[in-house]
$ cat start.cif   # mmCIF, N, CA and C atoms
data_work
#
loop_
_atom_site.label_atom_id
_atom_site.label_comp_id
_atom_site.auth_asym_id
_atom_site.auth_seq_id
_atom_site.Cartn_x
_atom_site.Cartn_y
_atom_site.Cartn_z
N MET I 157 -26.74 -65.41 40.92
CA MET I 157 -27.40 -66.41 41.74
C MET I 157 -26.77 -67.76 41.45
N SER I 158 -26.29 -68.41 42.49
CA SER I 158 -25.65 -69.70 42.34
C SER I 158 -26.54 -70.80 42.93
N LEU I 159 -27.01 -71.66 42.07
CA LEU I 159 -27.90 -72.75 42.50
C LEU I 159 -27.27 -74.09 42.17
N ARG I 160 -27.32 -75.01 43.13
CA ARG I 160 -26.87 -76.36 42.85
C ARG I 160 -27.91 -77.03 41.96
N PRO I 161 -27.48 -77.89 41.05
CA PRO I 161 -28.44 -78.58 40.18
C PRO I 161 -29.47 -79.37 40.99
N ARG I 162 -30.73 -79.17 40.67
CA ARG I 162 -31.86 -79.89 41.27
C ARG I 162 -31.75 -79.97 42.81
N PHE I 163 -31.29 -78.86 43.40
CA PHE I 163 -31.06 -78.79 44.85
C PHE I 163 -32.28 -79.17 45.67
N TRP I 164 -33.47 -78.87 45.18
CA TRP I 164 -34.71 -79.11 45.92
C TRP I 164 -34.98 -80.59 46.14
N GLU I 165 -34.31 -81.45 45.39
CA GLU I 165 -34.52 -82.89 45.54
C GLU I 165 -33.68 -83.50 46.66
N ASP I 166 -32.52 -82.88 46.95
CA ASP I 166 -31.59 -83.48 47.90
C ASP I 166 -31.25 -82.63 49.12
N VAL I 167 -31.42 -81.33 49.01
CA VAL I 167 -31.01 -80.43 50.08
C VAL I 167 -32.20 -80.14 50.99
N PRO I 168 -32.09 -80.43 52.29
CA PRO I 168 -33.18 -80.09 53.21
C PRO I 168 -33.42 -78.57 53.20
N LEU I 169 -34.65 -78.18 53.40
CA LEU I 169 -35.01 -76.76 53.41
C LEU I 169 -34.11 -75.97 54.35
N SER I 170 -33.80 -76.53 55.49
CA SER I 170 -32.99 -75.82 56.49
C SER I 170 -31.53 -75.65 56.08
N GLN I 171 -31.09 -76.36 55.04
CA GLN I 171 -29.70 -76.28 54.61
C GLN I 171 -29.52 -75.60 53.25
N MET I 172 -30.60 -75.04 52.73
CA MET I 172 -30.50 -74.34 51.45
C MET I 172 -29.83 -72.99 51.64
N THR I 173 -29.14 -72.56 50.59
CA THR I 173 -28.57 -71.22 50.61
C THR I 173 -29.72 -70.23 50.47
N SER I 174 -29.46 -68.97 50.72
CA SER I 174 -30.54 -67.97 50.57
C SER I 174 -30.99 -67.89 49.12
N ASP I 175 -30.07 -68.04 48.16
CA ASP I 175 -30.46 -68.03 46.75
C ASP I 175 -31.35 -69.21 46.42
N GLU I 176 -31.03 -70.38 46.94
CA GLU I 176 -31.84 -71.57 46.69
C GLU I 176 -33.22 -71.41 47.33
N TRP I 177 -33.24 -70.90 48.55
CA TRP I 177 -34.51 -70.68 49.24
C TRP I 177 -35.42 -69.75 48.43
N GLU I 178 -34.87 -68.64 47.98
CA GLU I 178 -35.65 -67.68 47.20
C GLU I 178 -36.08 -68.27 45.86
N ALA I 179 -35.25 -69.11 45.26
CA ALA I 179 -35.58 -69.72 43.97
C ALA I 179 -36.77 -70.68 44.06
N LEU I 180 -37.06 -71.16 45.26
CA LEU I 180 -38.22 -72.05 45.44
C LEU I 180 -39.54 -71.34 45.19
N CYS I 181 -39.57 -70.04 45.39
CA CYS I 181 -40.81 -69.29 45.18
C CYS I 181 -41.19 -69.39 43.71
N ASP I 182 -42.42 -69.84 43.46
CA ASP I 182 -42.87 -70.01 42.07
C ASP I 182 -43.45 -68.73 41.48
N GLY I 183 -43.65 -67.70 42.31
CA GLY I 183 -44.17 -66.43 41.82
C GLY I 183 -45.67 -66.41 41.62
N CYS I 184 -46.39 -67.28 42.33
CA CYS I 184 -47.85 -67.34 42.15
C CYS I 184 -48.58 -66.16 42.78
N GLY I 185 -47.99 -65.57 43.83
CA GLY I 185 -48.60 -64.43 44.50
C GLY I 185 -49.63 -64.78 45.55
N LYS I 186 -49.96 -66.06 45.72
CA LYS I 186 -51.01 -66.44 46.67
C LYS I 186 -50.64 -66.14 48.12
N CYS I 187 -49.36 -66.13 48.43
CA CYS I 187 -48.97 -65.82 49.80
C CYS I 187 -49.25 -64.36 50.13
N CYS I 188 -49.40 -63.53 49.11
CA CYS I 188 -49.68 -62.10 49.31
C CYS I 188 -51.17 -61.79 49.40
N LEU I 189 -51.98 -62.82 49.29
CA LEU I 189 -53.42 -62.62 49.44
C LEU I 189 -53.78 -62.57 50.91
N ASN I 190 -54.72 -61.73 51.26
CA ASN I 190 -55.21 -61.71 52.64
C ASN I 190 -56.07 -62.94 52.85
N LYS I 191 -55.94 -63.50 54.03
CA LYS I 191 -56.65 -64.73 54.36
C LYS I 191 -57.50 -64.50 55.61
N LEU I 192 -58.53 -65.30 55.71
CA LEU I 192 -59.39 -65.29 56.90
C LEU I 192 -59.31 -66.68 57.53
N GLU I 193 -59.27 -66.72 58.84
CA GLU I 193 -59.20 -68.00 59.54
C GLU I 193 -60.42 -68.14 60.43
N ASP I 194 -61.10 -69.28 60.29
CA ASP I 194 -62.26 -69.57 61.13
C ASP I 194 -61.75 -69.86 62.54
N ALA I 195 -62.16 -69.07 63.50
CA ALA I 195 -61.69 -69.20 64.87
C ALA I 195 -62.07 -70.54 65.49
N ASP I 196 -63.18 -71.12 65.06
CA ASP I 196 -63.64 -72.39 65.63
C ASP I 196 -62.95 -73.61 65.02
N THR I 197 -62.76 -73.59 63.70
CA THR I 197 -62.23 -74.77 63.02
C THR I 197 -60.76 -74.64 62.64
N GLY I 198 -60.24 -73.41 62.58
CA GLY I 198 -58.87 -73.19 62.13
C GLY I 198 -58.73 -73.20 60.61
N GLU I 199 -59.85 -73.39 59.92
CA GLU I 199 -59.81 -73.42 58.46
C GLU I 199 -59.42 -72.05 57.92
N VAL I 200 -58.54 -72.05 56.90
CA VAL I 200 -58.05 -70.82 56.30
C VAL I 200 -58.73 -70.62 54.96
N PHE I 201 -59.22 -69.39 54.75
CA PHE I 201 -59.88 -69.03 53.50
C PHE I 201 -59.08 -67.94 52.82
N PHE I 202 -58.76 -68.15 51.57
CA PHE I 202 -58.05 -67.14 50.78
C PHE I 202 -59.07 -66.17 50.20
N THR I 203 -58.65 -64.92 50.09
CA THR I 203 -59.50 -63.90 49.45
C THR I 203 -58.77 -63.39 48.20
N ARG I 204 -59.48 -62.67 47.36
CA ARG I 204 -58.86 -62.02 46.19
C ARG I 204 -58.19 -60.72 46.59
N ILE I 205 -58.23 -60.39 47.85
CA ILE I 205 -57.71 -59.12 48.34
C ILE I 205 -56.21 -59.26 48.62
N ALA I 206 -55.43 -58.49 47.88
CA ALA I 206 -53.98 -58.58 47.98
C ALA I 206 -53.41 -57.53 48.93
N CYS I 207 -52.28 -57.87 49.51
CA CYS I 207 -51.51 -56.95 50.34
C CYS I 207 -51.29 -55.65 49.58
N ARG I 208 -51.20 -54.58 50.33
CA ARG I 208 -51.02 -53.27 49.70
C ARG I 208 -49.72 -53.15 48.92
N LEU I 209 -48.75 -54.03 49.16
CA LEU I 209 -47.49 -54.00 48.42
C LEU I 209 -47.50 -54.90 47.18
N PHE I 210 -48.54 -55.66 47.00
CA PHE I 210 -48.59 -56.61 45.88
C PHE I 210 -48.84 -55.90 44.56
N ASP I 211 -48.01 -56.21 43.59
CA ASP I 211 -48.17 -55.67 42.24
C ASP I 211 -48.89 -56.74 41.41
N ASP I 212 -50.15 -56.49 41.13
CA ASP I 212 -51.01 -57.45 40.43
C ASP I 212 -50.49 -57.77 39.03
N ALA I 213 -49.88 -56.82 38.37
CA ALA I 213 -49.41 -57.04 37.00
C ALA I 213 -48.16 -57.92 36.94
N SER I 214 -47.25 -57.75 37.90
CA SER I 214 -46.02 -58.55 37.90
C SER I 214 -46.13 -59.77 38.80
N CYS I 215 -47.12 -59.78 39.67
CA CYS I 215 -47.33 -60.86 40.64
C CYS I 215 -46.16 -60.93 41.63
N GLN I 216 -45.66 -59.74 41.99
CA GLN I 216 -44.55 -59.67 42.93
C GLN I 216 -44.78 -58.56 43.95
N CYS I 217 -44.02 -58.63 45.03
CA CYS I 217 -44.06 -57.59 46.04
C CYS I 217 -43.32 -56.36 45.52
N ALA I 218 -43.93 -55.21 45.69
CA ALA I 218 -43.33 -53.97 45.21
C ALA I 218 -42.14 -53.53 46.05
N ASN I 219 -42.02 -54.04 47.28
CA ASN I 219 -40.91 -53.68 48.18
C ASN I 219 -40.45 -54.90 48.97
N TYR I 220 -40.10 -55.95 48.26
CA TYR I 220 -39.81 -57.24 48.88
C TYR I 220 -38.75 -57.15 49.98
N ALA I 221 -37.66 -56.47 49.72
CA ALA I 221 -36.55 -56.43 50.67
C ALA I 221 -36.93 -55.83 52.02
N ILE I 222 -37.85 -54.88 52.02
CA ILE I 222 -38.21 -54.21 53.28
C ILE I 222 -39.70 -54.40 53.62
N ARG I 223 -40.31 -55.43 53.06
CA ARG I 223 -41.76 -55.62 53.22
C ARG I 223 -42.20 -55.70 54.67
N LYS I 224 -41.43 -56.35 55.50
CA LYS I 224 -41.82 -56.54 56.90
C LYS I 224 -41.85 -55.21 57.66
N SER I 225 -40.99 -54.28 57.29
CA SER I 225 -41.00 -52.98 57.97
C SER I 225 -42.17 -52.11 57.50
N ILE I 226 -42.64 -52.34 56.29
CA ILE I 226 -43.78 -51.58 55.77
C ILE I 226 -45.10 -52.23 56.16
N VAL I 227 -45.12 -53.55 56.13
CA VAL I 227 -46.32 -54.33 56.47
C VAL I 227 -45.94 -55.26 57.63
N PRO I 228 -46.05 -54.79 58.87
CA PRO I 228 -45.61 -55.60 60.02
C PRO I 228 -46.27 -56.97 60.11
N GLU I 229 -47.49 -57.09 59.59
CA GLU I 229 -48.18 -58.38 59.67
C GLU I 229 -47.77 -59.35 58.55
N CYS I 230 -46.86 -58.92 57.67
CA CYS I 230 -46.38 -59.79 56.60
C CYS I 230 -45.74 -61.03 57.20
N VAL I 231 -46.10 -62.17 56.68
CA VAL I 231 -45.53 -63.43 57.14
C VAL I 231 -44.30 -63.72 56.30
N VAL I 232 -43.15 -63.76 56.94
CA VAL I 232 -41.90 -64.03 56.25
C VAL I 232 -41.56 -65.50 56.46
N LEU I 233 -41.57 -66.24 55.37
CA LEU I 233 -41.25 -67.66 55.43
C LEU I 233 -39.76 -67.87 55.61
N LYS I 234 -39.40 -68.68 56.58
CA LYS I 234 -38.02 -69.07 56.81
C LYS I 234 -38.06 -70.54 57.21
N PRO I 235 -36.96 -71.26 57.02
CA PRO I 235 -36.97 -72.68 57.38
C PRO I 235 -37.42 -72.93 58.82
N ASP I 236 -37.03 -72.05 59.74
CA ASP I 236 -37.37 -72.29 61.14
C ASP I 236 -38.79 -71.88 61.51
N THR I 237 -39.51 -71.22 60.60
CA THR I 237 -40.90 -70.84 60.89
C THR I 237 -41.90 -71.60 60.02
N LEU I 238 -41.39 -72.34 59.06
CA LEU I 238 -42.25 -73.00 58.08
C LEU I 238 -43.27 -73.94 58.71
N ASP I 239 -42.86 -74.73 59.68
CA ASP I 239 -43.81 -75.66 60.32
C ASP I 239 -44.98 -74.94 60.97
N ASP I 240 -44.71 -73.77 61.54
CA ASP I 240 -45.75 -73.03 62.25
C ASP I 240 -46.70 -72.27 61.34
N ILE I 241 -46.23 -71.88 60.16
CA ILE I 241 -47.07 -71.03 59.32
C ILE I 241 -47.41 -71.61 57.95
N SER I 242 -46.95 -72.82 57.64
CA SER I 242 -47.20 -73.35 56.30
C SER I 242 -48.68 -73.58 56.04
N TYR I 243 -49.49 -73.74 57.10
CA TYR I 243 -50.92 -73.92 56.88
C TYR I 243 -51.55 -72.67 56.25
N TRP I 244 -50.87 -71.54 56.34
CA TRP I 244 -51.34 -70.30 55.71
C TRP I 244 -50.96 -70.24 54.23
N MET I 245 -50.09 -71.14 53.81
CA MET I 245 -49.61 -71.13 52.43
C MET I 245 -50.54 -72.01 51.58
N PRO I 246 -50.64 -71.70 50.29
CA PRO I 246 -51.48 -72.53 49.42
C PRO I 246 -50.89 -73.95 49.29
N HIS I 247 -51.73 -74.91 49.00
CA HIS I 247 -51.27 -76.29 48.83
C HIS I 247 -50.28 -76.42 47.68
N SER I 248 -50.34 -75.49 46.73
CA SER I 248 -49.45 -75.53 45.57
C SER I 248 -48.06 -74.96 45.87
N CYS I 249 -47.90 -74.29 47.00
CA CYS I 249 -46.64 -73.60 47.35
C CYS I 249 -45.48 -74.59 47.45
N ALA I 250 -44.36 -74.26 46.78
CA ALA I 250 -43.18 -75.12 46.79
C ALA I 250 -42.65 -75.35 48.20
N TYR I 251 -42.64 -74.32 49.02
CA TYR I 251 -42.14 -74.47 50.39
C TYR I 251 -43.01 -75.48 51.15
N ARG I 252 -44.30 -75.32 51.03
CA ARG I 252 -45.22 -76.23 51.71
C ARG I 252 -45.11 -77.64 51.15
N ARG I 253 -45.05 -77.75 49.82
CA ARG I 253 -44.95 -79.07 49.18
C ARG I 253 -43.71 -79.81 49.68
N LEU I 254 -42.56 -79.16 49.63
CA LEU I 254 -41.33 -79.81 50.05
C LEU I 254 -41.34 -80.11 51.55
N ASN I 255 -41.88 -79.22 52.33
CA ASN I 255 -41.97 -79.43 53.78
C ASN I 255 -42.85 -80.63 54.11
N GLU I 256 -43.84 -80.89 53.26
CA GLU I 256 -44.75 -82.02 53.46
C GLU I 256 -44.26 -83.28 52.75
N GLY I 257 -43.07 -83.25 52.17
CA GLY I 257 -42.51 -84.42 51.52
C GLY I 257 -43.00 -84.64 50.09
N ARG I 258 -43.64 -83.62 49.51
CA ARG I 258 -44.11 -83.73 48.13
C ARG I 258 -43.08 -83.13 47.19
N LYS I 259 -43.22 -83.41 45.92
CA LYS I 259 -42.32 -82.88 44.89
C LYS I 259 -42.85 -81.55 44.35
N LEU I 260 -41.99 -80.83 43.66
CA LEU I 260 -42.44 -79.61 42.99
C LEU I 260 -43.38 -79.98 41.86
N ALA I 261 -44.33 -79.12 41.60
CA ALA I 261 -45.28 -79.34 40.51
C ALA I 261 -44.59 -79.17 39.16
N LYS I 262 -45.12 -79.82 38.14
CA LYS I 262 -44.50 -79.76 36.81
C LYS I 262 -44.46 -78.35 36.22
N TRP I 263 -45.37 -77.48 36.67
CA TRP I 263 -45.40 -76.11 36.18
C TRP I 263 -44.45 -75.18 36.94
N HIS I 264 -43.82 -75.68 37.99
CA HIS I 264 -42.92 -74.83 38.77
C HIS I 264 -41.76 -74.38 37.88
N PRO I 265 -41.38 -73.11 37.93
CA PRO I 265 -40.29 -72.60 37.08
C PRO I 265 -38.98 -73.37 37.20
N LEU I 266 -38.67 -73.94 38.36
CA LEU I 266 -37.44 -74.73 38.48
C LEU I 266 -37.54 -76.03 37.67
N ILE I 267 -38.73 -76.54 37.48
CA ILE I 267 -38.93 -77.76 36.69
C ILE I 267 -39.08 -77.41 35.22
N SER I 268 -39.91 -76.42 34.93
CA SER I 268 -40.20 -76.07 33.53
C SER I 268 -39.08 -75.27 32.87
N GLY I 269 -38.30 -74.55 33.68
CA GLY I 269 -37.28 -73.67 33.13
C GLY I 269 -37.83 -72.34 32.62
N ASP I 270 -39.13 -72.13 32.87
CA ASP I 270 -39.80 -70.93 32.36
C ASP I 270 -40.47 -70.19 33.52
N PRO I 271 -40.05 -68.95 33.82
CA PRO I 271 -40.66 -68.22 34.93
C PRO I 271 -42.14 -67.90 34.72
N ASN I 272 -42.61 -68.00 33.48
CA ASN I 272 -44.02 -67.73 33.20
C ASN I 272 -44.90 -68.97 33.29
N SER I 273 -44.31 -70.13 33.50
CA SER I 273 -45.10 -71.36 33.51
C SER I 273 -46.15 -71.37 34.61
N VAL I 274 -45.89 -70.72 35.73
CA VAL I 274 -46.86 -70.65 36.82
C VAL I 274 -48.10 -69.86 36.39
N HIS I 275 -47.89 -68.84 35.58
CA HIS I 275 -49.00 -68.03 35.08
C HIS I 275 -49.75 -68.77 33.97
N GLU I 276 -48.97 -69.39 33.07
CA GLU I 276 -49.57 -70.12 31.96
C GLU I 276 -50.40 -71.32 32.45
N ALA I 277 -50.01 -71.89 33.57
CA ALA I 277 -50.74 -73.03 34.13
C ALA I 277 -51.99 -72.58 34.89
N GLY I 278 -52.16 -71.26 35.04
CA GLY I 278 -53.33 -70.75 35.76
C GLY I 278 -53.22 -70.87 37.27
N ILE I 279 -52.03 -71.07 37.77
CA ILE I 279 -51.81 -71.23 39.21
C ILE I 279 -51.71 -69.88 39.92
N SER I 280 -51.19 -68.89 39.24
CA SER I 280 -50.95 -67.60 39.89
C SER I 280 -52.23 -66.76 39.97
N VAL I 281 -52.13 -65.70 40.76
CA VAL I 281 -53.25 -64.75 40.89
C VAL I 281 -52.98 -63.48 40.09
N LYS I 282 -52.06 -63.55 39.18
CA LYS I 282 -51.70 -62.40 38.34
C LYS I 282 -52.95 -61.84 37.65
N ASP I 283 -53.12 -60.53 37.78
CA ASP I 283 -54.24 -59.80 37.17
C ASP I 283 -55.61 -60.22 37.70
N ARG I 284 -55.66 -60.79 38.92
CA ARG I 284 -56.94 -61.25 39.46
C ARG I 284 -57.19 -60.82 40.90
N THR I 285 -56.47 -59.80 41.35
CA THR I 285 -56.62 -59.40 42.75
C THR I 285 -57.23 -58.00 42.88
N VAL I 286 -57.61 -57.70 44.11
CA VAL I 286 -58.14 -56.38 44.47
C VAL I 286 -57.24 -55.85 45.59
N PRO I 287 -56.76 -54.62 45.50
CA PRO I 287 -55.90 -54.09 46.57
C PRO I 287 -56.67 -53.95 47.89
N GLU I 288 -56.00 -54.29 48.98
CA GLU I 288 -56.64 -54.23 50.29
C GLU I 288 -57.10 -52.82 50.65
N THR I 289 -56.50 -51.83 50.03
CA THR I 289 -56.88 -50.45 50.31
C THR I 289 -58.26 -50.10 49.72
N GLN I 290 -58.78 -50.97 48.86
CA GLN I 290 -60.06 -50.69 48.22
C GLN I 290 -61.24 -51.45 48.84
N VAL I 291 -60.97 -52.29 49.83
CA VAL I 291 -62.03 -53.10 50.42
C VAL I 291 -61.99 -52.99 51.95
N PRO I 292 -63.08 -52.53 52.57
CA PRO I 292 -63.12 -52.49 54.03
C PRO I 292 -62.98 -53.92 54.59
N GLU I 293 -62.24 -54.05 55.67
CA GLU I 293 -61.99 -55.37 56.24
C GLU I 293 -63.28 -56.12 56.58
N ASP I 294 -64.32 -55.41 56.95
CA ASP I 294 -65.61 -56.05 57.25
C ASP I 294 -66.22 -56.73 56.03
N ASP I 295 -65.76 -56.38 54.83
CA ASP I 295 -66.30 -56.96 53.60
C ASP I 295 -65.44 -58.06 53.00
N TRP I 296 -64.33 -58.41 53.64
CA TRP I 296 -63.41 -59.39 53.08
C TRP I 296 -64.07 -60.74 52.83
N GLU I 297 -65.04 -61.12 53.64
CA GLU I 297 -65.71 -62.41 53.43
C GLU I 297 -66.35 -62.49 52.05
N ASP I 298 -66.73 -61.35 51.49
CA ASP I 298 -67.35 -61.32 50.16
C ASP I 298 -66.35 -61.64 49.05
N TYR I 299 -65.06 -61.70 49.38
CA TYR I 299 -64.01 -61.92 48.38
C TYR I 299 -63.30 -63.27 48.55
N ILE I 300 -63.89 -64.16 49.31
CA ILE I 300 -63.29 -65.49 49.52
C ILE I 300 -63.28 -66.25 48.19
N ILE I 301 -62.17 -66.93 47.93
CA ILE I 301 -62.00 -67.70 46.70
C ILE I 301 -61.54 -69.12 47.05
N ASP I 302 -61.60 -69.99 46.06
CA ASP I 302 -61.00 -71.31 46.17
C ASP I 302 -59.51 -71.09 46.04
N GLU I 303 -58.73 -71.46 47.04
CA GLU I 303 -57.31 -71.15 47.02
C GLU I 303 -56.54 -71.83 45.90
N GLU I 304 -57.11 -72.79 45.25
CA GLU I 304 -56.40 -73.46 44.16
C GLU I 304 -56.73 -72.86 42.80
N ILE I 305 -57.21 -71.61 42.77
CA ILE I 305 -57.54 -70.99 41.48
C ILE I 305 -56.32 -70.91 40.59
#
$ encode --input "start.cif" --output "structure tokens"
Amino acid sequence: MSLRPRFWEDVPLSQMTSDEWEALCDGCGKCCLNKLEDADTGEVFFTRIACRLFDDASCQCANYAIRKSIVPECVVLKPDTLDDISYWMPHSCAYRRLNEGRKLAKWHPLISGDPNSVHEAGISVKDRTVPETQVPEDDWEDYIIDEEI
């Protein structure tokens, strides 16, 4: 993986290499949580219910490379779709932060140099999710959480 030094400070999201784009992911796992959207207000609520491909122990997708073919409703973040779907991303998300003109958080692995810093800071959902296969969709409202957990 070839990354330019502190690329996130100077390189627009649309001009990042694929390695740089992927390196922005902090590994929190929140994007893999199922969300509910209020049809009247547009407000998005995060649940503890994780996508069927989410590995709660590693906080990663079990089939990242082909996730969209396995889970057609998976939202794949790309520079050209970020404006349309970033409202579905947590406020802590590096992609959303940079897209909104904010800096990366101090716990972000690119800043800390430690891939576990996101977990140590309590930002990730590691070991705190329920697989979507175990909860009927009609019950998802019972699993709503504060997205900044």
$ closest_residue --input "start.cif" --among "I:Val231, I:Leu192, I:Leu254, I:Leu266" --to "Glu297 of chain I" --atoms "only N, CA and C atoms"
I:Leu192
$ resolve_selection --input "start.cif" --expression "the PyMOL selection byres ((chain I and resi 205) around 6.5)" --output "PyMOL selection string"
chain I and resi 188-190+202-204+206-207+285-288+299
$ select_by_dssp --input "start.cif" --residues "segment 159-237 of chain I" --states "strand (DSSP E or B)" --output "list in words"
Leu189, Asn190, Lys191, Leu192, Glu193, Val200, Phe201, Phe202, Thr203, Arg204, Ile205, Ala206, Phe210, Asp211, Gln216 and Cys217 of chain I
$ atom_distance --input "start.cif" --atom1 "atom N of Pro235 of chain I" --atom2 "atom CA of Ala218 of chain I"
21.9 Å
$ atom_distance --input "start.cif" --atom1 "atom N of Trp164 of chain I" --atom2 "atom N of Trp177 of chain I"
8.7 Å
$ residues_near_point --input "start.cif" --point "(-51.4, -56.3, 41.5)" --cutoff "8 Å" --atoms "only N, CA and C atoms" --output "PyMOL selection string"
chain I and resi 206+209-216+281-287
